[in-house]
$ cat data_34.cif   # mmCIF, C-alpha atoms
data_run
loop_
_atom_site.label_atom_id
_atom_site.label_comp_id
_atom_site.auth_asym_id
_atom_site.auth_seq_id
_atom_site.Cartn_x
_atom_site.Cartn_y
_atom_site.Cartn_z
CA MET J 1 91.25 49.90 66.43
CA GLN J 2 91.46 53.57 67.35
CA ILE J 3 94.74 55.38 66.65
CA ASP J 4 95.45 58.51 68.68
CA PHE J 5 98.08 61.01 67.52
CA TYR J 6 100.10 63.13 69.93
CA CYS J 7 101.99 66.31 69.12
CA PRO J 8 105.53 66.78 70.45
CA ARG J 9 106.05 69.82 72.65
CA TRP J 10 109.72 69.57 71.63
CA GLY J 11 110.50 72.48 69.34
CA SER J 12 107.54 74.60 70.48
CA GLU J 13 108.73 75.48 73.98
CA HIS J 14 108.77 79.16 72.98
CA VAL J 15 104.99 79.10 72.48
CA GLY J 16 102.83 79.60 75.57
CA TRP J 17 100.69 76.67 76.65
CA PRO J 18 97.28 78.24 75.86
CA GLN J 19 98.35 79.10 72.30
CA PHE J 20 100.10 75.78 71.80
CA ALA J 21 97.12 73.78 73.08
CA ALA J 22 94.83 75.62 70.68
CA GLN J 23 97.17 74.90 67.75
CA VAL J 24 97.43 71.22 68.68
CA LYS J 25 93.66 70.88 69.00
CA GLN J 26 92.99 72.63 65.70
CA ALA J 27 95.57 70.49 63.87
CA GLY J 28 93.76 67.28 64.85
CA PHE J 29 96.00 65.82 67.57
CA VAL J 30 94.36 64.33 70.67
CA GLY J 31 97.15 65.38 73.01
CA VAL J 32 100.76 66.36 73.64
CA GLU J 33 103.95 64.44 74.40
CA VAL J 34 106.17 66.56 76.62
CA PHE J 35 109.35 66.52 78.73
CA PRO J 36 108.21 69.08 81.34
CA LEU J 37 111.25 68.77 83.60
CA GLY J 38 113.40 70.32 80.88
CA ASP J 39 111.59 73.66 81.27
CA LYS J 40 109.84 73.22 84.61
CA PRO J 41 109.19 76.91 85.54
CA ASN J 42 107.17 77.42 82.35
CA ASN J 43 105.10 74.25 82.72
CA THR J 44 103.28 74.88 85.99
CA ASP J 45 99.91 75.33 84.26
CA MET J 46 100.54 72.72 81.55
CA VAL J 47 98.10 70.03 82.69
CA GLU J 48 95.36 72.52 83.58
CA VAL J 49 95.55 74.13 80.13
CA LEU J 50 95.56 70.76 78.38
CA SER J 51 92.62 69.52 80.46
CA ASP J 52 90.62 72.68 79.70
CA ALA J 53 91.32 72.14 75.97
CA GLY J 54 90.22 68.50 76.14
CA LEU J 55 93.73 67.25 75.36
CA SER J 56 95.51 64.34 77.01
CA TYR J 57 99.25 64.05 77.55
CA ILE J 58 102.21 61.69 77.53
CA LEU J 59 105.22 62.47 79.72
CA LEU J 60 108.84 61.99 78.73
CA HIS J 61 111.77 61.22 81.01
CA ALA J 62 115.48 61.60 80.26
CA GLU J 63 118.51 62.01 82.50
CA LEU J 64 122.08 62.50 81.34
CA GLN J 65 123.77 64.68 83.95
CA GLU J 66 124.25 61.87 86.44
CA GLY J 67 125.05 59.13 83.91
CA ASN J 68 128.71 58.67 84.82
CA ASP J 69 127.89 57.84 88.46
CA PHE J 70 125.50 54.92 88.60
CA ASN J 71 124.36 55.40 92.21
CA ARG J 72 123.64 59.07 91.57
CA TYR J 73 121.88 58.12 88.35
CA LYS J 74 119.53 55.74 90.19
CA GLN J 75 118.69 58.50 92.65
CA ALA J 76 118.05 60.92 89.77
CA LEU J 77 115.91 58.37 87.92
CA GLU J 78 113.68 57.86 90.96
CA ARG J 79 113.56 61.59 91.74
CA ASN J 80 112.66 62.50 88.16
CA LEU J 81 109.93 59.89 87.80
CA TYR J 82 108.28 61.05 91.02
CA ALA J 83 108.60 64.67 89.85
CA LEU J 84 106.81 63.75 86.63
CA LEU J 85 104.00 62.14 88.59
CA ASP J 86 103.48 65.42 90.45
CA TYR J 87 101.88 66.81 87.28
CA GLN J 88 98.85 64.56 87.65
CA ASN J 89 97.83 65.79 91.10
CA ARG J 90 94.51 67.65 90.56
CA TYR J 91 93.98 66.79 86.93
CA ALA J 92 94.00 63.83 84.60
CA LYS J 93 96.74 61.22 84.77
CA PRO J 94 99.22 60.99 81.90
CA GLN J 95 98.55 58.28 79.36
CA PHE J 96 101.93 56.85 80.32
CA ILE J 97 105.57 57.86 80.79
CA VAL J 98 108.11 57.27 78.02
CA SER J 99 111.51 56.86 79.64
CA GLN J 100 114.95 57.14 78.07
CA THR J 101 116.51 55.01 80.78
CA GLY J 102 120.14 54.33 81.66
CA ARG J 103 123.14 54.62 79.39
CA GLU J 104 124.56 52.51 76.57
CA TYR J 105 127.56 51.50 78.69
CA TYR J 106 125.62 50.29 81.75
CA SER J 107 125.83 46.58 82.47
CA ARG J 108 122.77 44.37 82.31
CA ALA J 109 122.85 44.09 86.09
CA GLN J 110 122.79 47.88 86.38
CA MET J 111 119.96 48.14 83.87
CA ALA J 112 118.04 45.51 85.83
CA GLU J 113 118.17 47.87 88.81
CA CYS J 114 116.90 50.73 86.63
CA PHE J 115 114.06 48.62 85.27
CA ALA J 116 113.13 47.62 88.83
CA ILE J 117 112.85 51.29 89.82
CA CYS J 118 110.62 52.00 86.84
CA ASP J 119 108.47 48.96 87.58
CA ARG J 120 108.07 49.82 91.27
CA ILE J 121 107.07 53.42 90.60
CA SER J 122 104.71 52.32 87.85
CA ARG J 123 102.96 49.90 90.21
CA GLU J 124 102.76 52.51 92.97
CA SER J 125 101.25 55.14 90.69
CA SER J 126 99.26 52.97 88.25
CA VAL J 127 101.01 54.90 85.46
CA ARG J 128 102.77 52.74 82.86
CA ILE J 129 106.44 53.49 82.27
CA ILE J 130 107.67 52.26 78.89
CA GLN J 131 111.19 52.29 77.53
CA GLU J 132 112.11 54.32 74.45
CA THR J 133 114.51 52.92 71.87
CA HIS J 134 117.10 55.67 71.74
CA ARG J 135 120.77 56.32 71.04
CA ASN J 136 123.10 56.51 74.07
CA LYS J 137 120.61 54.52 76.17
CA TRP J 138 120.49 50.77 76.86
CA SER J 139 118.20 50.50 73.82
CA PHE J 140 120.55 52.13 71.32
CA ALA J 141 120.67 49.27 68.79
CA ALA J 142 118.36 46.59 67.45
CA HIS J 143 120.56 43.62 68.33
CA VAL J 144 121.09 44.88 71.88
CA VAL J 145 117.37 45.34 72.47
CA LYS J 146 116.68 41.85 71.15
CA ASP J 147 118.98 40.39 73.77
CA TYR J 148 117.40 42.49 76.53
CA LEU J 149 113.87 41.52 75.52
CA GLU J 150 114.82 37.85 75.69
CA ARG J 151 116.20 38.39 79.21
CA PHE J 152 113.52 40.87 80.39
CA PRO J 153 110.33 39.75 78.63
CA ASP J 154 108.07 42.17 80.53
CA LEU J 155 109.69 45.28 79.03
CA GLU J 156 107.39 47.51 77.01
CA LEU J 157 108.82 49.77 74.31
CA ALA J 158 108.20 53.13 72.74
CA LEU J 159 109.46 52.32 69.25
CA ASP J 160 111.68 54.77 67.40
CA PHE J 161 113.42 52.91 64.59
CA SER J 162 115.16 56.06 63.33
CA HIS J 163 117.83 55.68 66.04
CA TRP J 164 118.60 52.09 65.09
CA VAL J 165 118.94 53.00 61.42
CA CYS J 166 121.48 55.66 62.33
CA VAL J 167 123.43 53.45 64.76
CA SER J 168 123.51 50.49 62.38
CA GLU J 169 124.22 52.69 59.35
CA SER J 170 121.73 50.54 57.47
CA TYR J 171 118.03 49.89 57.06
CA LEU J 172 118.42 46.81 59.27
CA GLU J 173 117.82 44.44 56.38
CA ASP J 174 119.74 41.69 58.16
CA GLN J 175 118.15 42.23 61.59
CA ASP J 176 114.53 41.43 60.89
CA ASP J 177 114.29 39.07 63.86
CA ALA J 178 115.22 41.93 66.19
CA ILE J 179 112.67 44.22 64.53
CA ASP J 180 109.97 41.57 64.84
CA LEU J 181 110.59 41.02 68.56
CA ALA J 182 110.65 44.78 69.25
CA ILE J 183 107.34 45.20 67.43
CA LYS J 184 105.78 42.58 69.70
CA HIS J 185 106.87 44.63 72.72
CA GLY J 186 105.91 48.00 71.22
CA ARG J 187 103.26 50.02 73.07
CA HIS J 188 103.82 53.44 71.48
CA LEU J 189 105.44 54.78 68.31
CA HIS J 190 107.60 57.79 67.55
CA ALA J 191 107.04 58.35 63.84
CA ARG J 192 110.30 59.92 62.75
CA VAL J 193 112.19 58.85 59.65
CA GLY J 194 115.92 58.27 59.95
CA PHE J 195 118.53 57.32 57.38
CA PRO J 196 121.85 55.48 57.62
CA GLU J 197 123.81 58.65 58.38
CA GLY J 198 121.40 60.30 60.78
CA PRO J 199 118.23 59.99 62.90
CA GLN J 200 116.16 62.43 60.83
CA VAL J 201 115.87 63.00 57.10
CA THR J 202 115.69 66.61 55.95
CA ASP J 203 112.03 66.30 54.91
CA PRO J 204 110.09 63.02 54.51
CA ARG J 205 107.96 64.64 51.80
CA ALA J 206 110.97 65.00 49.50
CA SER J 207 111.50 62.42 46.76
CA GLU J 208 115.16 61.94 47.70
CA ASN J 209 114.00 60.59 51.08
CA GLU J 210 111.47 58.14 49.67
CA ILE J 211 113.57 55.04 50.35
CA ALA J 212 113.94 55.96 54.01
CA LEU J 213 110.22 56.69 54.32
CA VAL J 214 109.25 53.40 52.69
CA HIS J 215 111.39 51.40 55.14
CA HIS J 216 109.86 53.12 58.16
CA LEU J 217 106.32 52.81 56.84
CA ALA J 218 106.87 49.07 56.41
CA TRP J 219 107.93 48.74 60.07
CA TRP J 220 105.04 50.87 61.26
CA ASP J 221 102.61 48.82 59.16
CA ARG J 222 103.87 45.67 60.85
CA TRP J 223 103.37 47.22 64.29
CA ILE J 224 99.81 48.28 63.51
CA ALA J 225 99.06 44.83 62.05
CA HIS J 226 100.47 43.18 65.19
CA LEU J 227 98.29 45.31 67.48
CA LYS J 228 95.19 44.53 65.45
CA GLU J 229 95.96 40.82 65.48
CA ALA J 230 96.51 40.98 69.25
CA GLY J 231 93.08 42.59 69.69
CA ALA J 232 94.32 45.99 70.86
CA GLU J 233 91.62 48.63 71.02
CA ARG J 234 93.93 51.61 70.71
CA ALA J 235 97.34 52.66 69.43
CA THR J 236 99.24 55.88 70.14
CA ILE J 237 101.62 57.60 67.73
CA THR J 238 103.69 60.76 68.08
CA PRO J 239 105.14 62.18 64.84
CA GLU J 240 108.44 63.27 66.36
CA PHE J 241 110.46 65.23 63.84
CA GLY J 242 112.55 67.59 65.90
CA PRO J 243 114.01 71.08 65.69
CA TYR J 244 117.72 71.91 65.34
CA PRO J 245 120.04 70.00 65.57
CA TYR J 246 117.77 67.20 64.32
CA MET J 247 116.44 69.63 61.72
CA HIS J 248 119.51 71.03 59.98
CA TYR J 249 119.98 74.72 59.29
CA SER J 250 120.94 76.19 55.97
CA PRO J 251 124.72 76.79 56.09
CA PHE J 252 125.82 80.08 57.70
CA THR J 253 122.27 80.79 58.94
CA THR J 254 119.85 79.70 61.63
CA ASN J 255 117.14 79.02 59.04
CA PRO J 256 115.75 75.47 59.27
CA LEU J 257 115.69 73.47 56.04
CA ALA J 258 111.99 72.68 56.53
CA SER J 259 109.12 73.37 58.93
CA GLN J 260 109.08 70.97 61.87
CA TRP J 261 105.42 71.77 62.60
CA GLU J 262 104.33 71.20 59.01
CA ILE J 263 106.22 67.90 58.78
CA ASN J 264 104.71 66.54 62.00
CA CYS J 265 101.20 67.52 60.88
CA TRP J 266 101.86 65.99 57.45
CA MET J 267 103.07 62.76 59.03
CA MET J 268 99.99 62.57 61.24
CA TRP J 269 97.64 62.92 58.26
CA LEU J 270 99.68 60.51 56.15
CA LEU J 271 99.29 57.83 58.83
CA LYS J 272 95.67 58.70 59.59
CA THR J 273 94.87 58.14 55.94
CA ARG J 274 97.04 55.03 55.69
CA TYR J 275 95.41 53.35 58.67
CA ALA J 276 91.87 54.70 58.22
CA SER J 277 90.51 51.23 57.52
#
$ encode --input "data_34.cif" --output "structure tokens"
Amino acid sequence: MQIDFYCPRWGSEHVGWPQFAAQVKQAGFVGVEVFPLGDKPNNTDMVEVLSDAGLSYILLHAELQEGNDFNRYKQALERNLYALLDYQNRYAKPQFIVSQTGREYYSRAQMAECFAICDRISRESSVRIIQETHRNKWSFAAHVVKDYLERFPDLELALDFSHWVCVSESYLEDQDDAIDLAIKHGRHLHARVGFPEGPQVTDPRASENEIALVHHLAWWDRWIAHLKEAGAERATITPEFGPYPYMHYSPFTTNPLASQWEINCWMMWLLKTRYAS
């Protein structure tokens, strides 16, 4: 099974696309995962640059501004997904869209409407839209997602266990059934390491964060094993350690405690080596 690693654009928005694409290519990633609507004026040449560099791309969707008005949110969800699809016009299609859909306080009936919008647009465009497990979205906690997956068995997930660790304030030791079901629905992985008091450890290379890393590696191992057993030909992983405020600053400064770029590259090579066989 081939495993493709994608680099997050998040945290590197200050770097121009030609320079960023060259860095990504040199580091060993096959592509970029990006939320282009967050900085739309500076992303007009994004797909052209990536295509010229031989890099593929994954698109991200998120919408918070309209969350308190459900009808306006549905309109924004549809508008944003179509806007994302505009990026594929003359160049390669995205691998898929990762969507942070809805809000944590929406009812299941409301979320069913959101899922229907995603499904319709996915069918129209032939671009898969998968749902990210994320705080303040419908998928904010392991037990909630388990219930949704039992009610909506066609949902596909972008797995990010770091959020669930933070929300549960635990390493989910007593929710293994929920983890197992999510793994079976997982189509993409965000490889970030969380801990019970937050969604991102200071540095996964540090010995004090070993316990958190070991828990996440065990979940990721199970996901890779499931894909292999299911006969999947390819897996996609984005090491997604983020900048401030995910990456804390030293007190009274704006100096990050570690290098986001170095950590994401380190995580990619750790997993490349781990899953080389």
$ residues_around --input "data_34.cif" --residues "range 255-258 of chain J" --least-positions-apart "2" --cutoff "8 Å" --atoms "only C-alpha atoms" --output "PDB file with C-alpha atoms, in the frame of the given file"
ATOM      1  CA  THR J 202     115.690  66.610  55.950  1.00  0.00           C
ATOM      2  CA  ASP J 203     112.030  66.300  54.910  1.00  0.00           C
ATOM      3  CA  PRO J 243     114.010  71.080  65.690  1.00  0.00           C
ATOM      4  CA  TYR J 244     117.720  71.910  65.340  1.00  0.00           C
ATOM      5  CA  MET J 247     116.440  69.630  61.720  1.00  0.00           C
ATOM      6  CA  HIS J 248     119.510  71.030  59.980  1.00  0.00           C
ATOM      7  CA  TYR J 249     119.980  74.720  59.290  1.00  0.00           C
ATOM      8  CA  SER J 250     120.940  76.190  55.970  1.00  0.00           C
ATOM      9  CA  THR J 253     122.270  80.790  58.940  1.00  0.00           C
ATOM     10  CA  GLN J 260     109.080  70.970  61.870  1.00  0.00           C
ATOM     11  CA  ILE J 263     106.220  67.900  58.780  1.00  0.00           C
TER      12      ILE J 263
END
$ resolve_selection --input "data_34.cif" --expression "the PyMOL selection byres ((chain J and resi 56-64) around 6)" --output "list in words"
Gly31, Val32, Glu33, Val34, Phe35, Leu55, Gln65, Glu66, Gly67, Pro94, Gln95, Phe96, Ile97, Val98, Ser99 and Gln100 of chain J
$ write_last_selection --input "data_34.cif" --atoms "C-alpha atoms" --output "short mmCIF file (atom, residue, chain, number, x, y, z; two decimals), in the frame of the given file"
data_model
loop_
_atom_site.label_atom_id
_atom_site.label_comp_id
_atom_site.auth_asym_id
_atom_site.auth_seq_id
_atom_site.Cartn_x
_atom_site.Cartn_y
_atom_site.Cartn_z
CA GLY J 31 97.15 65.38 73.01
CA VAL J 32 100.76 66.36 73.64
CA GLU J 33 103.95 64.44 74.40
CA VAL J 34 106.17 66.56 76.62
CA PHE J 35 109.35 66.52 78.73
CA LEU J 55 93.73 67.25 75.36
CA GLN J 65 123.77 64.68 83.95
CA GLU J 66 124.25 61.87 86.44
CA GLY J 67 125.05 59.13 83.91
CA PRO J 94 99.22 60.99 81.90
CA GLN J 95 98.55 58.28 79.36
CA PHE J 96 101.93 56.85 80.32
CA ILE J 97 105.57 57.86 80.79
CA VAL J 98 108.11 57.27 78.02
CA SER J 99 111.51 56.86 79.64
CA GLN J 100 114.95 57.14 78.07
#
$ resolve_selection --input "data_34.cif" --expression "the PyMOL selection byres ((chain J and resi 71) around 12)" --output "ChimeraX atom specification"
/J:66-70,72-78,102,106,110-111,113-114
$ atom_distance --input "data_34.cif" --atom1 "CA of Ala53 in chain J" --atom2 "CA of Gly38 in chain J"
22.7 Å
$ residues_around --input "data_34.cif" --residues "Gly186 in chain J" --least-positions-apart "6" --cutoff "10 Å" --atoms "only C-alpha atoms" --output "mmCIF file with C-alpha atoms, in the coordinates of the input"
data_model
loop_
_atom_site.group_PDB
_atom_site.id
_atom_site.type_symbol
_atom_site.label_atom_id
_atom_site.label_comp_id
_atom_site.auth_asym_id
_atom_site.auth_seq_id
_atom_site.Cartn_x
_atom_site.Cartn_y
_atom_site.Cartn_z
ATOM 1 C CA ILE J 130 107.670 52.260 78.890
ATOM 2 C CA GLN J 131 111.190 52.290 77.530
ATOM 3 C CA GLU J 132 112.110 54.320 74.450
ATOM 4 C CA THR J 133 114.510 52.920 71.870
ATOM 5 C CA LEU J 155 109.690 45.280 79.030
ATOM 6 C CA GLU J 156 107.390 47.510 77.010
ATOM 7 C CA LEU J 157 108.820 49.770 74.310
ATOM 8 C CA ALA J 158 108.200 53.130 72.740
ATOM 9 C CA LEU J 159 109.460 52.320 69.250
ATOM 10 C CA ASP J 160 111.680 54.770 67.400
ATOM 11 C CA ASP J 180 109.970 41.570 64.840
ATOM 12 C CA TRP J 223 103.370 47.220 64.290
ATOM 13 C CA ILE J 224 99.810 48.280 63.510
ATOM 14 C CA HIS J 226 100.470 43.180 65.190
ATOM 15 C CA LEU J 227 98.290 45.310 67.480
ATOM 16 C CA ALA J 235 97.340 52.660 69.430
#
$ residues_around --input "data_34.cif" --residues "Trp269 in chain J" --least-positions-apart "2" --cutoff "12 Å" --atoms "only C-alpha atoms" --output "list of chain:residue names"
J:Ile3, J:Asp4, J:Phe5, J:Tyr6, J:Ala27, J:Gly28, J:Phe29, J:Ala191, J:Ile237, J:Thr238, J:Pro239, J:Glu262, J:Ile263, J:Asn264, J:Cys265, J:Trp266, J:Met267, J:Leu271, J:Lys272, J:Thr273, J:Arg274, J:Tyr275, J:Ala276
$ residues_around --input "data_34.cif" --residues "His143 in chain J" --least-positions-apart "3" --cutoff "12 Å" --atoms "all atoms listed in the file" --output "PyMOL selection string"
chain J and resi 133+138-140+146-150+164-165+167-168+172+174-182
$ atom_distance --input "data_34.cif" --atom1 "CA of Val49 in chain J" --atom2 "CA of Tyr82 in chain J"
21.3 Å
$ closest_residue --input "data_34.cif" --among "J:Ser126, J:Val214, J:Ala206, J:Phe161" --to "Val145 in chain J" --atoms "all atoms listed in the file"
J:Phe161
$ atom_distance --input "data_34.cif" --atom1 "CA of Arg79 in chain J" --atom2 "CA of His188 in chain J"
23.9 Å
$ closest_residue --input "data_34.cif" --among "J:Ser162, J:Thr44, J:Gly54, J:Leu217" --to "Phe195 in chain J" --atoms "all atoms listed in the file"
J:Ser162
$ closest_residue --input "data_34.cif" --among "J:Ser170, J:Val24, J:Asn209, J:His215" --to "Glu197 in chain J" --atoms "only C-alpha atoms"
J:Ser170
$ closest_residue --input "data_34.cif" --among "J:Glu124, J:Glu13, J:Asp86, J:Asp52" --to "Asp39 in chain J" --atoms "all atoms listed in the file"
J:Glu13
$ closest_residue --input "data_34.cif" --among "J:Met268, J:Leu50, J:Cys166, J:Met1" --to "Leu189 in chain J" --atoms "all atoms listed in the file"
J:Met268
$ decode --input "data_34.cif" --residues "range 161-259 of chain J" --atoms "C-alpha atoms" --output "PDB file, in the first residue's frame"
ATOM      1  CA  PHE J 161      -7.741  12.065  17.281  1.00  0.00           C
ATOM      2  CA  SER J 162      -5.976  15.010  18.938  1.00  0.00           C
ATOM      3  CA  HIS J 163      -9.301  16.858  19.221  1.00  0.00           C
ATOM      4  CA  TRP J 164     -11.025  13.953  20.939  1.00  0.00           C
ATOM      5  CA  VAL J 165      -8.197  13.596  23.446  1.00  0.00           C
ATOM      6  CA  CYS J 166      -8.559  17.255  24.360  1.00  0.00           C
ATOM      7  CA  VAL J 167     -12.367  17.182  24.559  1.00  0.00           C
ATOM      8  CA  SER J 168     -12.438  13.976  26.599  1.00  0.00           C
ATOM      9  CA  GLU J 169      -9.502  15.074  28.775  1.00  0.00           C
ATOM     10  CA  SER J 170      -8.223  11.514  28.458  1.00  0.00           C
ATOM     11  CA  TYR J 171      -6.521   9.135  26.065  1.00  0.00           C
ATOM     12  CA  LEU J 172      -9.918   7.550  25.376  1.00  0.00           C
ATOM     13  CA  GLU J 173      -8.987   4.345  27.160  1.00  0.00           C
ATOM     14  CA  ASP J 174     -12.648   3.587  27.837  1.00  0.00           C
ATOM     15  CA  GLN J 175     -13.910   4.469  24.341  1.00  0.00           C
ATOM     16  CA  ASP J 176     -12.135   1.905  22.217  1.00  0.00           C
ATOM     17  CA  ASP J 177     -15.348   0.882  20.467  1.00  0.00           C
ATOM     18  CA  ALA J 178     -15.784   4.455  19.220  1.00  0.00           C
ATOM     19  CA  ILE J 179     -12.166   4.579  18.050  1.00  0.00           C
ATOM     20  CA  ASP J 180     -12.552   1.274  16.233  1.00  0.00           C
ATOM     21  CA  LEU J 181     -15.677   2.387  14.361  1.00  0.00           C
ATOM     22  CA  ALA J 182     -14.088   5.725  13.401  1.00  0.00           C
ATOM     23  CA  ILE J 183     -11.026   3.916  12.053  1.00  0.00           C
ATOM     24  CA  LYS J 184     -13.271   1.833   9.802  1.00  0.00           C
ATOM     25  CA  HIS J 185     -14.711   5.048   8.350  1.00  0.00           C
ATOM     26  CA  GLY J 186     -11.357   6.846   8.110  1.00  0.00           C
ATOM     27  CA  ARG J 187     -10.218   7.909   4.627  1.00  0.00           C
ATOM     28  CA  HIS J 188      -7.509  10.423   5.571  1.00  0.00           C
ATOM     29  CA  LEU J 189      -5.387  11.186   8.636  1.00  0.00           C
ATOM     30  CA  HIS J 190      -4.238  14.386  10.299  1.00  0.00           C
ATOM     31  CA  ALA J 191      -1.144  13.309  12.208  1.00  0.00           C
ATOM     32  CA  ARG J 192      -1.099  15.728  15.111  1.00  0.00           C
ATOM     33  CA  VAL J 193      -0.500  14.660  18.694  1.00  0.00           C
ATOM     34  CA  GLY J 194      -2.816  16.013  21.362  1.00  0.00           C
ATOM     35  CA  PHE J 195      -2.850  15.553  25.126  1.00  0.00           C
ATOM     36  CA  PRO J 196      -5.638  15.660  27.714  1.00  0.00           C
ATOM     37  CA  GLU J 197      -5.335  19.420  28.213  1.00  0.00           C
ATOM     38  CA  GLY J 198      -4.891  20.488  24.616  1.00  0.00           C
ATOM     39  CA  PRO J 199      -4.975  19.497  20.923  1.00  0.00           C
ATOM     40  CA  GLN J 200      -1.220  19.826  20.357  1.00  0.00           C
ATOM     41  CA  VAL J 201       1.770  18.879  22.481  1.00  0.00           C
ATOM     42  CA  THR J 202       4.642  21.359  22.558  1.00  0.00           C
ATOM     43  CA  ASP J 203       6.933  19.059  20.556  1.00  0.00           C
ATOM     44  CA  PRO J 204       6.315  15.345  19.850  1.00  0.00           C
ATOM     45  CA  ARG J 205      10.076  14.754  19.787  1.00  0.00           C
ATOM     46  CA  ALA J 206      10.392  15.657  23.467  1.00  0.00           C
ATOM     47  CA  SER J 207      10.560  12.845  26.030  1.00  0.00           C
ATOM     48  CA  GLU J 208       7.900  14.465  28.219  1.00  0.00           C
ATOM     49  CA  ASN J 209       5.419  13.983  25.355  1.00  0.00           C
ATOM     50  CA  GLU J 210       6.230  10.324  24.746  1.00  0.00           C
ATOM     51  CA  ILE J 211       3.037   8.996  26.333  1.00  0.00           C
ATOM     52  CA  ALA J 212       0.883  11.172  24.097  1.00  0.00           C
ATOM     53  CA  LEU J 213       2.864  10.157  21.011  1.00  0.00           C
ATOM     54  CA  VAL J 214       2.608   6.457  21.836  1.00  0.00           C
ATOM     55  CA  HIS J 215      -1.186   6.648  22.137  1.00  0.00           C
ATOM     56  CA  HIS J 216      -1.551   8.385  18.780  1.00  0.00           C
ATOM     57  CA  LEU J 217       0.875   6.044  17.035  1.00  0.00           C
ATOM     58  CA  ALA J 218      -1.169   3.096  18.278  1.00  0.00           C
ATOM     59  CA  TRP J 219      -4.353   4.564  16.743  1.00  0.00           C
ATOM     60  CA  TRP J 220      -2.585   5.388  13.501  1.00  0.00           C
ATOM     61  CA  ASP J 221      -1.127   1.869  13.354  1.00  0.00           C
ATOM     62  CA  ARG J 222      -4.632   0.448  13.670  1.00  0.00           C
ATOM     63  CA  TRP J 223      -5.865   2.661  10.832  1.00  0.00           C
ATOM     64  CA  ILE J 224      -3.034   1.625   8.519  1.00  0.00           C
ATOM     65  CA  ALA J 225      -3.601  -2.040   9.424  1.00  0.00           C
ATOM     66  CA  HIS J 226      -7.327  -1.671   8.680  1.00  0.00           C
ATOM     67  CA  LEU J 227      -6.650  -0.149   5.255  1.00  0.00           C
ATOM     68  CA  LYS J 228      -4.213  -2.913   4.375  1.00  0.00           C
ATOM     69  CA  GLU J 229      -6.663  -5.586   5.476  1.00  0.00           C
ATOM     70  CA  ALA J 230      -9.394  -3.909   3.417  1.00  0.00           C
ATOM     71  CA  GLY J 231      -7.153  -4.021   0.339  1.00  0.00           C
ATOM     72  CA  ALA J 232      -6.658  -0.267  -0.004  1.00  0.00           C
ATOM     73  CA  GLU J 233      -4.005   0.703  -2.514  1.00  0.00           C
ATOM     74  CA  ARG J 234      -3.239   4.105  -1.032  1.00  0.00           C
ATOM     75  CA  ALA J 235      -3.431   6.095   2.192  1.00  0.00           C
ATOM     76  CA  THR J 236      -3.041   9.851   2.666  1.00  0.00           C
ATOM     77  CA  ILE J 237      -1.592  11.531   5.756  1.00  0.00           C
ATOM     78  CA  THR J 238      -1.076  15.196   6.600  1.00  0.00           C
ATOM     79  CA  PRO J 239       1.216  15.915   9.577  1.00  0.00           C
ATOM     80  CA  GLU J 240      -0.793  18.851  10.884  1.00  0.00           C
ATOM     81  CA  PHE J 241       1.030  20.517  13.735  1.00  0.00           C
ATOM     82  CA  GLY J 242      -0.061  24.121  13.615  1.00  0.00           C
ATOM     83  CA  PRO J 243       1.313  27.583  14.317  1.00  0.00           C
ATOM     84  CA  TYR J 244       0.232  29.850  17.190  1.00  0.00           C
ATOM     85  CA  PRO J 245      -2.102  29.435  19.048  1.00  0.00           C
ATOM     86  CA  TYR J 246      -1.714  25.669  18.590  1.00  0.00           C
ATOM     87  CA  MET J 247       2.033  26.157  18.924  1.00  0.00           C
ATOM     88  CA  HIS J 248       2.521  28.115  22.133  1.00  0.00           C
ATOM     89  CA  TYR J 249       4.810  31.113  22.383  1.00  0.00           C
ATOM     90  CA  SER J 250       7.414  31.627  25.043  1.00  0.00           C
ATOM     91  CA  PRO J 251       5.853  33.903  27.692  1.00  0.00           C
ATOM     92  CA  PHE J 252       6.060  37.650  26.981  1.00  0.00           C
ATOM     93  CA  THR J 253       7.315  37.023  23.425  1.00  0.00           C
ATOM     94  CA  THR J 254       6.051  35.936  20.027  1.00  0.00           C
ATOM     95  CA  ASN J 255       8.737  33.245  19.797  1.00  0.00           C
ATOM     96  CA  PRO J 256       7.278  29.772  19.132  1.00  0.00           C
ATOM     97  CA  LEU J 257       8.381  27.005  21.481  1.00  0.00           C
ATOM     98  CA  ALA J 258       9.392  24.825  18.524  1.00  0.00           C
ATOM     99  CA  SER J 259       9.524  24.884  14.723  1.00  0.00           C
TER     100      SER J 259
END
